[in-house]
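Chemist: Have a peek at entry.cif (mmCIF, C-alpha atoms).
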```cif
data_start
loop_
_atom_site.label_atom_id
_atom_site.label_comp_id
_atom_site.auth_asym_id
_atom_site.auth_seq_id
_atom_site.Cartn_x
_atom_site.Cartn_y
_atom_site.Cartn_z
CA MET V 989 14.78 13.41 11.38
CA ASN V 990 14.22 9.68 11.85
CA LYS V 991 11.15 8.13 10.27
CA LYS V 992 8.44 7.08 12.72
CA VAL V 993 6.99 3.58 12.59
CA LEU V 994 4.04 2.41 14.67
CA ILE V 995 3.91 -1.32 15.45
CA ILE V 996 0.43 -2.52 16.42
CA GLU V 997 0.98 -6.01 17.80
CA ASP V 998 -0.50 -7.67 20.89
CA GLU V 999 2.20 -10.35 21.20
CA SER V 1000 4.80 -8.55 23.32
CA GLN V 1001 7.72 -10.72 22.24
CA ILE V 1002 7.08 -10.11 18.55
CA ALA V 1003 6.59 -6.39 19.15
CA SER V 1004 9.85 -6.22 21.11
CA ILE V 1005 11.83 -8.00 18.39
CA LEU V 1006 10.41 -5.75 15.68
CA GLN V 1007 11.15 -2.69 17.79
CA ASP V 1008 14.80 -3.73 18.15
CA TYR V 1009 15.22 -4.30 14.41
CA PHE V 1010 13.59 -1.01 13.45
CA GLN V 1011 15.64 0.91 16.02
CA GLN V 1012 18.82 -0.68 14.70
CA SER V 1013 17.82 0.62 11.28
CA GLY V 1014 17.45 4.17 12.59
CA PHE V 1015 13.69 4.38 13.04
CA GLU V 1016 11.83 6.10 15.83
CA VAL V 1017 9.64 3.25 17.04
CA HIS V 1018 6.30 3.29 18.85
CA THR V 1019 4.36 0.18 19.85
CA LEU V 1020 0.72 -0.45 20.63
CA ASP V 1021 -0.99 -3.66 21.75
CA SER V 1022 -4.57 -2.60 21.08
CA GLY V 1023 -6.57 -2.10 17.92
CA ALA V 1024 -9.14 -0.05 19.81
CA LYS V 1025 -6.54 2.66 20.48
CA ALA V 1026 -5.03 2.57 16.99
CA VAL V 1027 -7.02 5.34 15.32
CA ASP V 1028 -6.46 7.91 18.06
CA THR V 1029 -2.78 6.97 18.28
CA ILE V 1030 -2.24 7.36 14.53
CA LYS V 1031 -3.99 10.74 14.54
CA LYS V 1032 -1.79 12.01 17.37
CA LEU V 1033 1.49 10.36 16.37
CA VAL V 1034 1.22 10.80 12.57
CA PRO V 1035 3.64 7.92 11.83
CA ASP V 1036 5.42 7.49 8.53
CA ALA V 1037 4.44 3.81 8.40
CA VAL V 1038 2.34 1.31 10.34
CA VAL V 1039 2.95 -2.41 10.88
CA LEU V 1040 -0.50 -3.76 11.73
CA ASP V 1041 -1.31 -7.22 13.07
CA LEU V 1042 -4.49 -8.69 11.62
CA MET V 1043 -5.55 -10.63 14.72
CA LEU V 1044 -5.86 -8.19 17.61
CA PRO V 1045 -7.83 -9.00 20.77
CA ASP V 1046 -10.22 -6.06 20.64
CA THR V 1047 -10.58 -4.34 17.26
CA ASP V 1048 -9.08 -6.48 14.50
CA GLY V 1049 -6.63 -5.23 11.90
CA LEU V 1050 -9.19 -5.13 9.09
CA GLU V 1051 -11.42 -2.77 11.04
CA VAL V 1052 -8.42 -0.63 12.02
CA CYS V 1053 -7.40 -0.42 8.37
CA ARG V 1054 -10.93 0.54 7.34
CA GLN V 1055 -11.09 3.33 9.92
CA VAL V 1056 -7.61 4.70 9.22
CA ARG V 1057 -8.24 4.92 5.50
CA LYS V 1058 -11.06 7.37 6.18
CA PHE V 1059 -8.52 10.05 7.17
CA SER V 1060 -4.99 8.91 6.29
CA ASN V 1061 -2.96 7.34 3.48
CA VAL V 1062 -0.15 6.29 5.82
CA PRO V 1063 1.56 3.16 4.40
CA MET V 1064 0.32 0.06 6.20
CA LEU V 1065 1.95 -3.37 6.23
CA MET V 1066 -0.51 -5.96 7.51
CA ALA V 1067 0.84 -9.02 9.34
CA THR V 1068 -1.27 -12.14 9.43
CA ALA V 1069 -1.04 -15.66 10.79
CA LYS V 1070 -3.98 -16.70 8.64
CA VAL V 1071 -3.05 -18.68 5.57
CA GLU V 1072 -6.31 -18.16 3.72
CA GLU V 1073 -5.67 -15.94 0.72
CA ILE V 1074 -9.04 -14.22 1.07
CA ASP V 1075 -8.02 -12.69 4.41
CA ARG V 1076 -4.99 -11.08 2.82
CA LEU V 1077 -6.93 -9.80 -0.17
CA ILE V 1078 -9.65 -8.28 1.99
CA GLY V 1079 -6.95 -6.33 3.81
CA LEU V 1080 -5.57 -5.04 0.53
CA GLU V 1081 -9.00 -4.04 -0.73
CA LEU V 1082 -9.53 -2.05 2.46
CA GLY V 1083 -6.37 -0.09 1.76
CA ALA V 1084 -3.39 -1.97 3.20
CA ASP V 1085 -0.31 -1.46 1.03
CA ASP V 1086 1.26 -4.83 1.67
CA TYR V 1087 0.95 -7.96 3.77
CA ILE V 1088 3.34 -10.46 5.30
CA CYS V 1089 2.59 -13.87 6.79
CA LYS V 1090 3.71 -15.10 10.19
CA PRO V 1091 6.17 -16.47 11.00
CA TYR V 1092 8.21 -13.82 9.23
CA SER V 1093 11.73 -12.47 9.27
CA PRO V 1094 11.99 -9.15 11.15
CA ARG V 1095 14.58 -8.09 8.59
CA GLU V 1096 12.04 -8.57 5.81
CA VAL V 1097 9.47 -6.46 7.66
CA VAL V 1098 12.01 -3.63 7.99
CA ALA V 1099 13.05 -4.02 4.35
CA ARG V 1100 9.48 -3.75 3.13
CA VAL V 1101 8.78 -0.64 5.19
CA LYS V 1102 11.99 0.93 3.86
CA ALA V 1103 10.94 0.10 0.29
CA VAL V 1104 7.58 1.83 0.78
CA LEU V 1105 9.19 4.92 2.28
CA ARG V 1106 11.74 5.16 -0.54
CA ARG V 1107 8.87 5.30 -2.99
CA LEU V 1108 7.36 8.20 -1.10
CA THR V 1109 10.30 10.46 -1.95
CA PRO V 1110 8.89 12.45 -4.87
CA GLU V 1111 10.80 12.93 -8.10
CA THR V 1112 10.96 16.72 -8.02
CA THR V 1113 12.17 16.87 -11.63
CA GLU V 1114 9.01 15.19 -12.89
CA GLU V 1115 6.44 17.44 -14.47
CA VAL V 1116 2.70 17.05 -14.20
CA LEU V 1117 1.64 13.98 -16.19
CA THR V 1118 -1.54 14.25 -18.25
CA ALA V 1119 -2.92 11.07 -19.80
CA GLY V 1120 -6.38 11.64 -21.22
CA PRO V 1121 -8.70 12.57 -18.34
CA VAL V 1122 -6.09 11.60 -15.76
CA VAL V 1123 -3.74 14.26 -14.34
CA ILE V 1124 -0.97 13.13 -11.98
CA GLN V 1125 1.26 15.39 -9.88
CA PRO V 1126 4.11 13.15 -8.63
CA SER V 1127 5.65 15.73 -6.29
CA LYS V 1128 2.35 16.05 -4.41
CA TYR V 1129 1.08 12.49 -4.84
CA GLN V 1130 -2.13 13.94 -6.25
CA VAL V 1131 -4.39 12.54 -8.95
CA THR V 1132 -7.42 14.11 -10.61
CA VAL V 1133 -9.74 12.47 -13.12
CA ASN V 1134 -11.98 14.83 -15.09
CA GLY V 1135 -11.16 17.43 -12.46
CA ASN V 1136 -12.20 15.18 -9.56
CA ASP V 1137 -9.63 14.48 -6.87
CA LEU V 1138 -8.97 10.80 -6.24
CA THR V 1139 -7.92 9.43 -2.86
CA LEU V 1140 -5.44 6.64 -3.57
CA THR V 1141 -3.19 4.54 -1.40
CA ARG V 1142 0.52 4.81 -2.10
CA SER V 1143 0.57 1.50 -3.97
CA GLU V 1144 -2.43 2.48 -6.08
CA PHE V 1145 -0.78 5.80 -6.93
CA GLU V 1146 2.47 4.11 -7.97
CA LEU V 1147 0.68 1.58 -10.17
CA LEU V 1148 -1.35 4.27 -11.93
CA TYR V 1149 1.69 6.51 -12.42
CA ILE V 1150 3.83 3.72 -13.86
CA MET V 1151 1.19 2.65 -16.37
CA ALA V 1152 0.02 6.16 -17.29
CA LYS V 1153 3.59 7.20 -18.18
CA GLN V 1154 3.49 4.67 -21.03
CA PRO V 1155 -0.06 4.43 -22.42
CA GLY V 1156 -0.62 1.31 -24.48
CA ARG V 1157 2.32 -0.60 -23.03
CA VAL V 1158 1.34 -3.94 -21.55
CA PHE V 1159 2.82 -4.49 -18.08
CA SER V 1160 3.00 -8.00 -16.72
CA ARG V 1161 2.24 -8.47 -13.05
CA THR V 1162 5.91 -9.22 -12.51
CA ASP V 1163 6.81 -5.88 -14.15
CA LEU V 1164 4.43 -4.04 -11.85
CA ILE V 1165 5.67 -5.82 -8.73
CA ALA V 1166 9.27 -4.95 -9.57
CA ASN V 1167 8.45 -1.30 -10.38
CA VAL V 1168 6.15 -0.63 -7.45
CA HIS V 1169 7.65 -2.71 -4.66
CA GLY V 1170 11.15 -3.53 -5.85
CA TYR V 1171 10.93 -7.15 -4.74
CA GLU V 1172 8.99 -10.30 -5.44
CA PHE V 1173 7.55 -13.06 -3.33
CA GLU V 1174 5.17 -15.92 -3.84
CA GLY V 1175 1.55 -14.94 -4.23
CA TYR V 1176 2.14 -11.25 -4.78
CA GLU V 1177 0.56 -11.30 -8.23
CA ARG V 1178 -2.83 -11.49 -6.52
CA THR V 1179 -1.89 -8.38 -4.55
CA ILE V 1180 -1.37 -6.47 -7.80
CA ASP V 1181 -4.80 -7.66 -8.97
CA SER V 1182 -6.37 -6.29 -5.79
CA HIS V 1183 -4.71 -2.89 -6.18
CA VAL V 1184 -5.79 -2.69 -9.84
CA LYS V 1185 -9.35 -3.64 -8.89
CA ASN V 1186 -9.41 -0.78 -6.37
CA LEU V 1187 -7.97 1.66 -8.91
CA ARG V 1188 -10.55 0.76 -11.53
CA LYS V 1189 -13.38 1.18 -9.07
CA LYS V 1190 -12.21 4.64 -8.01
CA ILE V 1191 -11.53 5.87 -11.55
CA SER V 1192 -14.69 4.47 -13.14
CA ALA V 1193 -16.77 6.17 -10.44
CA VAL V 1194 -15.92 9.55 -12.02
CA LEU V 1195 -15.71 8.36 -15.64
CA ASN V 1196 -19.23 6.98 -15.98
CA ASP V 1197 -17.96 3.41 -15.64
CA LYS V 1198 -15.35 3.77 -18.39
CA ASP V 1199 -12.07 1.92 -17.86
CA VAL V 1200 -8.66 3.44 -18.54
CA ILE V 1201 -6.90 0.36 -17.15
CA GLN V 1202 -7.47 -2.66 -19.33
CA THR V 1203 -6.70 -6.31 -18.74
CA VAL V 1204 -4.62 -8.16 -21.31
CA TYR V 1205 -5.61 -11.70 -20.49
CA GLY V 1206 -2.76 -14.03 -19.74
CA VAL V 1207 -0.28 -11.14 -19.66
CA GLY V 1208 -1.16 -8.24 -17.37
CA TYR V 1209 -2.52 -4.69 -17.64
CA LYS V 1210 -2.23 -1.55 -19.74
CA PHE V 1211 -3.35 2.07 -19.49
CA GLU V 1212 -5.35 3.49 -22.39
CA THR V 1213 -6.40 7.12 -22.78
CA ILE V 1214 -10.07 7.60 -23.65
#
```
If you convert what's in this file into structure tokens, what do you get?
Modeler:
Amino acid sequence: MNKKVLIIEDESQIASILQDYFQQSGFEVHTLDSGAKAVDTIKKLVPDAVVLDLMLPDTDGLEVCRQVRKFSNVPMLMATAKVEEIDRLIGLELGADDYICKPYSPREVVARVKAVLRRLTPETTEEVLTAGPVVIQPSKYQVTVNGNDLTLTRSEFELLYIMAKQPGRVFSRTDLIANVHGYEFEGYERTIDSHVKNLRKKISAVLNDKDVIQTVYGVGYKFETI
């Protein structure tokens, strides 16, 4: 069965071009030009991935992302024409998995969505990973900390899993980019920082503010059992 992608974009020409490229890559494509209809559409359609424009005429992409994350972990690629870094980082902190700046290559958009979906194929041979209070079930994309279920985005899950498999190892941001996303581009190190910030907040909330992810200044991050 073909993977379903929902393109939420109010510029019809851009939406049409993206639709053509995704269809050529074998996707079932649905388009929407309204942020106000996004939540209901995602609930009914249950897409495998969403390409979400930040600047929509009614409900903007940040608000859509905030609402969707209340009920779904569907991978979301946020497209923005804004160059200010803070706009991109806010989107990531709200739960977007990735962002891309306009003008962009449609091929790159398709490639990024494919990369996310490849990561969603569970490694069925992997056993349950226990690292201190953290228990990870890769085949189910489930994480518990001290018996509490955590709701993580796909990128957050991948980052935690990669680091927890090798406690004590220091991962540079470049290492994490390559392992989680399989590609690099300018500015993505700040994206990793945003995902790690979200992870820490979620984990510390059930560990009495203790941190299992530690910063190694000037290098990157490491996971430590406590």
Chemist: Here is a test: counting only C-alpha atoms, which residue of V:Leu1148, V:Tyr1092, V:Ile1214, V:Lys991 is nearest to Arg1106 in chain V?
Modeler: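 The answer is V:Lys991, which sits nearest to Arg1106 in chain V.
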Chemist: Apply the PyMOL selection byres ((chain V and resi 1125) around 12) to the file shown and report the selected residues as a list of chain:residue names.
Modeler: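 When the PyMOL selection byres ((chain V and resi 1125) around 12) is applied to the shown file, the picked residues are V:Pro1110, V:Glu1111, V:Thr1112, V:Thr1113, V:Glu1114, V:Glu1115, V:Val1116, V:Leu1117, V:Thr1118, V:Ala1119, V:Val1122, V:Val1123, V:Ile1124, V:Pro1126, V:Ser1127, V:Lys1128, V:Tyr1129, V:Gln1130, V:Val1131, V:Thr1132, V:Val1133, V:Asp1137, V:Leu1138, V:Phe1145, V:Glu1146, V:Leu1148, V:Tyr1149, V:Ala1152, V:Lys1153.
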Chemist: Which is closest to Ser1004 in chain V among V:Ala1026, V:Asn1196, V:Leu1164, V:Pro1094, if we use all atoms listed in the file?
Modeler: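 Closest to Ser1004 in chain V, using all atoms listed in the file: V:Pro1094.
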Chemist: May I ask for the distance between CA of Tyr1209 in chain V and CA of Arg1157 in chain V, given in Å to one decimal place?
Modeler: 8.3 Å
Chemist: Could you name the residues that touch Leu1020 in chain V at 10 Å or less, counting all atoms listed in the file, but leaving out those on the same chain fewer than 5 positions away, as a ChimeraX atom specification?
Modeler: /V:994-998,1000,1003,1025-1026,1029,1040
Chemist: So that I can see what lies close to Val1200 in chain V, please list as a VMD selection string the residues with an atom at most 8 Å from it, counting all atoms listed in the file and leaving out residues fewer than 6 positions away in the same chain.
Modeler: chain V and resid 1188 1191 1211 to 1214
Chemist: Under the rule that all atoms listed in the file are counted, which of V:Arg1100, V:Asn1136, V:Ile1180, V:Asp1048 is the nearest residue to Ala1193 in chain V?
Modeler: V:Asn1136
Chemist: Taking only C-alpha atoms into account, name the residue in V:Leu1140, V:Leu1147, V:Cys1089, V:Leu1080 that is nearest to Ser1060 in chain V.
Modeler: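 Looking at the shortest contact to Ser1060 in chain V, the residue is V:Leu1140.
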Chemist: Using all atoms listed in the file, can you tell me which of V:Phe1059, V:Tyr1205, V:Tyr1087, V:Phe1159 comes closest to Lys1031 in chain V?
Modeler: V:Phe1059
Chemist: Find the residue from V:Asp1021, V:Val1038, V:Lys1190, V:Ser1160 that sits nearest to Thr1139 in chain V; use only C-alpha atoms when measuring.
Modeler: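 Using only C-alpha atoms, Thr1139 in chain V sits closest to V:Lys1190.
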